[in-house]
Each structure stands twice: as C-alpha cells, then as structure tokens.
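Here is input_19.csv, consisting of CSV, C-alpha atoms:
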```csv
chain,number,residue,atom,x,y,z
Y,23,MET,CA,-29.0,84.8,-5.8
Y,24,LYS,CA,-31.0,82.6,-8.3
Y,25,LYS,CA,-30.9,78.8,-8.0
Y,26,SER,CA,-29.4,78.5,-11.5
Y,27,THR,CA,-26.6,81.0,-10.6
Y,28,LEU,CA,-25.8,79.1,-7.4
Y,29,LEU,CA,-25.6,75.8,-9.3
Y,30,ALA,CA,-23.3,77.4,-11.8
Y,31,VAL,CA,-21.0,78.9,-9.1
Y,32,SER,CA,-21.0,75.5,-7.3
Y,33,GLY,CA,-20.0,73.8,-10.5
Y,34,LEU,CA,-17.1,76.1,-11.1
Y,35,ILE,CA,-15.9,75.6,-7.5
Y,36,ILE,CA,-16.0,71.8,-7.9
Y,37,ILE,CA,-14.1,72.0,-11.2
Y,38,PHE,CA,-11.5,74.2,-9.6
Y,39,ILE,CA,-11.1,71.7,-6.7
Y,40,ILE,CA,-10.7,68.8,-9.1
Y,41,ILE,CA,-8.1,70.6,-11.2
Y,42,THR,CA,-6.2,71.8,-8.2
Y,43,SER,CA,-6.2,68.3,-6.6
Y,44,PHE,CA,-5.1,66.7,-9.9
Y,45,GLY,CA,-2.3,69.3,-10.3
Y,46,ASP,CA,-1.0,68.6,-6.8
Y,47,LYS,CA,-0.9,64.8,-7.5
Y,48,THR,CA,0.9,65.2,-10.8
Y,49,LYS,CA,3.4,67.9,-9.7
Y,50,ILE,CA,6.9,66.7,-10.8
Y,51,TYR,CA,10.4,68.0,-10.9
Y,52,ASP,CA,10.9,70.5,-13.7
Y,53,LYS,CA,14.1,69.8,-15.7
Y,54,GLN,CA,16.6,72.6,-15.9
Y,55,VAL,CA,19.6,70.8,-17.6
Y,56,ARG,CA,19.8,69.4,-21.1
Y,57,TYR,CA,22.0,66.3,-21.8
Y,58,ASP,CA,23.0,66.3,-25.4
Y,59,THR,CA,24.4,62.7,-25.3
Y,60,PRO,CA,23.0,59.5,-23.8
Y,61,GLU,CA,26.2,59.0,-21.9
Y,62,GLU,CA,25.7,62.2,-20.0
Y,63,ALA,CA,22.3,61.0,-18.8
Y,64,ILE,CA,23.6,57.6,-18.0
Y,65,THR,CA,26.6,58.8,-15.9
Y,66,ASN,CA,24.3,61.1,-13.8
Y,67,PHE,CA,21.7,58.4,-13.4
Y,68,ILE,CA,24.1,55.7,-12.1
Y,69,GLY,CA,26.2,58.2,-10.1
Y,70,TYR,CA,23.4,59.9,-8.2
Y,71,ALA,CA,20.8,57.1,-7.8
Y,72,ASN,CA,22.5,56.0,-4.6
Y,73,SER,CA,23.8,59.3,-3.4
Y,74,TYR,CA,22.4,62.1,-1.2
Y,75,GLU,CA,22.9,65.8,-0.9
Y,76,VAL,CA,23.2,67.3,2.6
Y,77,VAL,CA,21.0,70.3,3.1
Y,78,LYS,CA,20.8,72.6,6.1
Y,79,ASN,CA,17.7,74.2,7.5
Y,80,ARG,CA,16.7,75.8,10.9
Y,81,ASN,CA,16.3,72.4,12.5
Y,82,GLY,CA,19.7,71.0,11.4
Y,83,TYR,CA,20.9,68.9,8.5
Y,84,TYR,CA,19.0,66.4,6.3
Y,85,ASN,CA,19.6,64.4,3.2
Y,86,ILE,CA,17.7,64.9,-0.1
Y,87,THR,CA,17.8,63.3,-3.6
Y,88,PRO,CA,20.4,65.1,-5.7
Y,89,LYS,CA,19.0,67.2,-8.6
Y,90,GLU,CA,21.5,65.5,-10.9
Y,91,PHE,CA,19.5,62.3,-10.6
Y,92,LEU,CA,16.2,64.0,-11.2
Y,93,GLU,CA,17.7,65.7,-14.3
Y,94,SER,CA,18.7,62.3,-15.7
Y,95,ILE,CA,15.3,60.6,-15.7
Y,96,SER,CA,12.3,60.8,-18.0
Y,97,ARG,CA,9.1,62.6,-17.3
Y,98,ARG,CA,7.1,59.5,-16.4
Y,99,TYR,CA,10.0,58.4,-14.2
Y,100,ARG,CA,9.9,61.7,-12.4
Y,101,LEU,CA,6.1,61.5,-12.2
Y,102,TYR,CA,6.4,58.1,-10.4
Y,103,LEU,CA,9.0,59.5,-8.0
Y,104,ASN,CA,7.4,62.9,-7.4
Y,105,ASP,CA,9.8,65.6,-6.4
Y,106,TYR,CA,12.0,64.0,-3.7
Y,107,ASN,CA,10.7,60.5,-3.2
Y,108,SER,CA,13.2,58.5,-1.2
Y,109,ASN,CA,12.6,55.4,-3.3
Y,110,LYS,CA,14.5,56.0,-6.5
Y,111,TYR,CA,14.0,52.6,-8.1
Y,112,ILE,CA,11.4,51.5,-10.7
Y,113,ASN,CA,12.7,48.0,-10.9
Y,114,GLU,CA,15.5,46.3,-8.9
Y,115,GLN,CA,17.7,48.3,-6.6
Y,116,ILE,CA,20.3,50.4,-8.4
Y,117,PRO,CA,23.8,49.6,-7.1
Y,118,ILE,CA,26.8,51.8,-6.6
Y,119,PHE,CA,29.1,51.5,-9.6
Y,120,LEU,CA,32.8,51.0,-8.9
Y,121,SER,CA,33.7,50.5,-12.6
Y,122,TYR,CA,32.0,49.6,-15.9
Y,123,GLU,CA,32.4,49.3,-19.7
Y,124,ILE,CA,29.6,50.8,-21.7
Y,125,SER,CA,28.3,49.7,-25.2
Y,126,GLU,CA,25.2,50.5,-27.2
Y,127,VAL,CA,23.1,47.4,-28.0
Y,128,ASN,CA,20.0,46.6,-30.1
Y,129,ILE,CA,16.9,46.2,-28.0
Y,130,GLU,CA,15.4,43.9,-30.7
Y,131,ASN,CA,18.0,41.3,-29.6
Y,132,LEU,CA,16.9,41.5,-26.0
Y,133,GLY,CA,13.5,40.0,-26.0
Y,134,ASN,CA,12.7,40.2,-22.3
Y,135,LEU,CA,13.8,43.8,-22.0
Y,136,ARG,CA,11.8,44.8,-25.0
Y,137,VAL,CA,8.7,43.1,-23.8
Y,138,ASN,CA,9.0,44.4,-20.2
Y,139,TYR,CA,9.6,47.9,-21.5
Y,140,GLU,CA,6.5,47.9,-23.6
Y,141,GLU,CA,4.5,46.4,-20.6
Y,142,SER,CA,5.7,49.3,-18.4
Y,143,PHE,CA,3.5,51.8,-20.4
Y,144,LYS,CA,0.3,49.9,-19.6
Y,145,ASN,CA,-0.1,51.7,-16.2
Y,146,ILE,CA,0.0,55.1,-17.9
Y,147,PRO,CA,-2.7,55.1,-20.7
Y,148,ASN,CA,-2.2,57.3,-23.7
Y,149,TYR,CA,1.3,58.3,-22.5
Y,150,PRO,CA,3.2,59.7,-25.6
Y,151,LYS,CA,6.1,57.5,-26.6
Y,152,THR,CA,9.2,58.9,-28.3
Y,153,LYS,CA,10.4,57.7,-31.6
Y,154,GLU,CA,14.1,57.5,-30.7
Y,155,VAL,CA,14.8,54.7,-28.2
Y,156,ARG,CA,18.4,53.8,-27.5
Y,157,THR,CA,19.6,50.9,-25.4
Y,158,TYR,CA,22.9,50.6,-23.5
Y,159,LYS,CA,24.6,47.9,-21.6
Y,160,LEU,CA,27.0,48.5,-18.7
Y,161,SER,CA,29.2,45.5,-17.8
Y,162,ALA,CA,30.0,46.6,-14.2
Y,163,SER,CA,31.5,45.9,-10.8
Y,164,VAL,CA,29.1,47.2,-8.2
Y,165,ILE,CA,28.3,47.3,-4.5
Y,166,TYR,CA,24.8,47.1,-3.1
Y,167,ASN,CA,23.0,48.5,0.0
Y,168,ASN,CA,25.0,51.7,0.3
Y,169,GLU,CA,24.5,55.4,-0.1
Y,170,VAL,CA,27.2,58.0,-0.4
Y,171,ASP,CA,27.5,61.7,-0.2
Y,172,LYS,CA,27.3,63.2,-3.7
Y,173,VAL,CA,30.7,64.8,-3.3
Y,174,PHE,CA,32.3,61.3,-3.8
Y,175,VAL,CA,30.6,60.7,-7.2
Y,176,ASN,CA,33.1,60.8,-10.0
Y,177,SER,CA,32.4,62.4,-13.4
Y,178,ASP,CA,31.8,59.0,-15.0
Y,179,GLY,CA,29.2,58.1,-12.4
Y,180,THR,CA,31.5,55.7,-10.5
Y,181,VAL,CA,32.4,55.9,-6.8
Y,182,ASN,CA,35.7,55.0,-5.3
Y,183,LYS,CA,35.6,52.7,-2.3
Y,184,GLU,CA,37.3,55.4,-0.2
Y,185,GLY,CA,34.2,57.5,-0.8
Y,186,ILE,CA,32.0,54.7,0.4
Y,187,TYR,CA,34.1,54.3,3.5
Y,188,LYS,CA,34.0,58.0,4.3
Y,189,SER,CA,30.2,57.9,4.2
Y,190,TYR,CA,29.9,55.3,7.0
Y,191,ASN,CA,31.1,54.7,10.5
Y,192,GLU,CA,34.1,52.6,11.7
Y,193,ILE,CA,32.0,49.4,12.2
Y,194,TYR,CA,30.8,49.4,8.7
Y,195,LYS,CA,34.3,50.1,7.3
Y,196,GLU,CA,35.6,47.0,9.1
Y,197,LYS,CA,32.7,45.0,7.7
Y,198,MET,CA,33.5,46.2,4.2
Y,199,SER,CA,37.1,45.3,4.5
Y,200,ASN,CA,36.4,41.8,5.8
Y,201,GLU,CA,33.7,40.7,3.3
Y,202,GLU,CA,33.6,40.2,-0.4
Y,203,VAL,CA,31.0,42.8,-1.4
Y,204,VAL,CA,31.7,43.4,-5.0
Y,205,THR,CA,29.1,42.0,-7.5
Y,206,LEU,CA,29.4,41.7,-11.3
Y,207,ILE,CA,26.3,42.6,-13.3
Y,208,ASP,CA,25.1,43.6,-16.7
Y,209,PHE,CA,23.0,46.8,-16.4
Y,210,TYR,CA,20.7,47.7,-19.3
Y,211,LEU,CA,19.3,51.2,-19.7
Y,212,ILE,CA,16.8,52.6,-22.2
Y,213,VAL,CA,17.6,56.2,-23.0
Y,214,ILE,CA,15.2,58.5,-24.8
Y,215,ASP,CA,15.0,62.2,-25.9
Y,216,GLU,CA,11.7,63.8,-24.9
Y,217,GLY,CA,12.6,67.1,-26.5
Y,218,ASP,CA,14.7,68.5,-23.7
Y,219,GLY,CA,17.8,66.3,-24.0
Y,220,TYR,CA,18.5,62.6,-23.3
Y,221,VAL,CA,17.1,60.9,-20.2
Y,222,VAL,CA,16.9,57.4,-18.8
Y,223,ASP,CA,13.4,55.9,-19.1
Y,224,TYR,CA,13.9,52.3,-18.0
Y,225,TYR,CA,16.5,49.9,-16.7
Y,226,THR,CA,16.9,46.3,-15.8
Y,227,ILE,CA,19.7,44.2,-14.2
Y,228,GLU,CA,21.2,40.8,-15.0
Y,229,HIS,CA,23.4,39.2,-12.4
Y,230,LYS,CA,26.5,37.2,-13.5
```
Could you render the structure as structure tokens?
Amino acid sequence: MKKSTLLAVSGLIIIFIIITSFGDKTKIYDKQVRYDTPEEAITNFIGYANSYEVVKNRNGYYNITPKEFLESISRRYRLYLNDYNSNKYINEQIPIFLSYEISEVNIENLGNLRVNYEESFKNIPNYPKTKEVRTYKLSASVIYNNEVDKVFVNSDGTVNKEGIYKSYNEIYKEKMSNEEVVTLIDFYLIVIDEGDGYVVDYYTIEHK
C-alpha cells in the first residue's frame, strides 16, 4: 500500500475515533414526552427531582433517576447530567415539596436571577437560546435531605409526609416526628420551549 494511501486511511481512523469519543461524551437522554404547558414541566421537575424508581435486574434491585424528571429538563440540563447522573442539581439542592402556590413573574424584575441565568450560558459557547423564556415562582413548604419512591409523588409534584415516612426506617420516622423539618422558600424556575414542549432550564432558591 502506498504511503499516501496509508496516511489517508490513518487520517480517517483518527477522525472516526474523535467523532466516536465526542459522541460518547455528549450522549444524553432522548425526550419522549411533550409538555404543552409550563406547569406540566414544573410539576414533574419538582416532583421527581428527589425521587427514585426501583428497578430489578439479575443481581437484585437498584434505584435510578425517574424518566419523568429527565423529561422535564432542557437539553443542556440533560447534557450536564448525562443519562442517569445521581446528582440532579445544577444549583442548590432541590427539596421535596409538601405544598406550594405558583405564579408567573417577570424575570426583568429579578435582577440577580436574570444575571445568573445569562452567566450560566458562558460554559457552553454558541449554545442556541430560545426566544420564549418564562419565569415562575413557587412559594412553598419543603423538606430537605430526603428521597422518596416515585410512587408517593402526587400529580401536582408534591409529596405527603406519609410517603416520606414510608421511604425510611423507624429511626428516621421518629426523628422526623420530633424535629421541625419544614422550611419555607421561594423557588424560581425558568421554563423554555426548545421545540419539543416546555422544559425547565434553570432554577434558584430564596430562603425565607
């Protein structure tokens, strides 16, 4: 084989390796469900961010991130998490929501949120931004440092305390009943439509 042919073949192999490696690194969850309203994306986001799905294989049972959560987040959020990253937070820890009131707000009136949201794009050069950006505020009662089985998540994204108790042992149940664990927060979410329905792209938390 001629030297020029060898170089050409070698070049193609190198290009293939680069493309394959890049493809592996950027593999993300492929959305299957379309949310036609921001509220649908929000309820799935807050409901399944701290829940798990029990899956069985040959070696027993293990917990994975529910698909409902992956369906509720934007492409760049999924890119950050990869398929089933155990860390589902891009900012502060997302709590479990016991109750909340939701309202749409103007991001222009929330200076810090607007600035931080714009800053969040600097780590992904040339990432395409959507024109429609909607901002929501959840005034909520929440609990931190818990995970629950997804079967206890309500349709509005909240979880009853009974569901939290059932996900933990007797020692933790006693601790929960003896301590004041409920926290009041304002939870801000930025929701966008990337062409396949509404998804959550960013969030931040203000503690009261």
| task | Could you please give me, as a list in words, the residues of protein, DNA or RNA lying at most 9 Å from (28.0, 58.9, -9.6) in the coordinate frame of the file, considering only C-alpha atoms? | result | Thr65, Asn66, Phe67, Ile68, Gly69, Tyr70, Ala71, Asn72, Ser73, Ile118, Phe119, Lys172, Phe174, Val175, Asn176, Ser177, Asp178, Gly179, Thr180 and Val181 of chain Y
| query | With all atoms listed in the file as the atoms that count, which of Y:Ile64, Y:Asp58, Y:Lys230, Y:Leu211 lies nearest to Arg136 in chain Y? | reply |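 The shortest atom-to-atom distance to Arg136 in chain Y comes from Y:Leu211.
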| said: Using all atoms listed in the file for the distances, tell me which of Y:Glu130, Y:Glu141, Y:Asp171, Y:Asp223 is nearest to Glu93 in chain Y. | reply: Y:Asp223
| task | Identify which of the residues Y:Tyr158, Y:Tyr166, Y:Tyr149, Y:Tyr220 lies closest to Leu132 in chain Y, counting all atoms listed in the file when measuring atom-to-atom distances. | result | Y:Tyr158
| request: Work out how far apart CA of Ser121 in chain Y and CA of Pro60 in chain Y are and give it in Å to one decimal. | output: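 Between these atoms lies a distance of 17.9 Å.
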| Contact residues around Asn145 in chain Y with all atoms listed in the file at 12 Å, ignoring same-chain residues under 6 positions, as a PyMOL selection string | chain Y and resi 98+102+139
So that I have them on file, write out the residues from the current selection with C-alpha atoms, as a CSV table (one decimal), in the coordinates of the input.
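Heads up, here's the output in again.csv:
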```
chain,number,residue,atom,x,y,z
Y,98,ARG,CA,7.1,59.5,-16.4
Y,102,TYR,CA,6.4,58.1,-10.4
Y,139,TYR,CA,9.6,47.9,-21.5
```
| query | For Asp218 in chain Y, which of Y:Asn79, Y:Thr152, Y:Asn138, Y:Ser161 is the closest residue, counting only C-alpha atoms? | reply |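 Comparing Y:Asn79, Y:Thr152, Y:Asn138, Y:Ser161 against Asp218 in chain Y, the winner is Y:Thr152.
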| said: Please determine, counting all atoms listed in the file, which residue among Y:Glu123, Y:Glu62, Y:Glu140, Y:Glu90 has the shortest atom-to-atom distance to Ala162 in chain Y. | reply: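 With all atoms listed in the file as the atom set, the closest residue is Y:Glu123.
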| message | Using only C-alpha atoms, which protein or nucleic acid residues come within 9 Å of Asn113 in chain Y? Drop anything in the same chain fewer than 3 positions from it, and give the result as a PyMOL selection string. | response | chain Y and resi 116+224-227
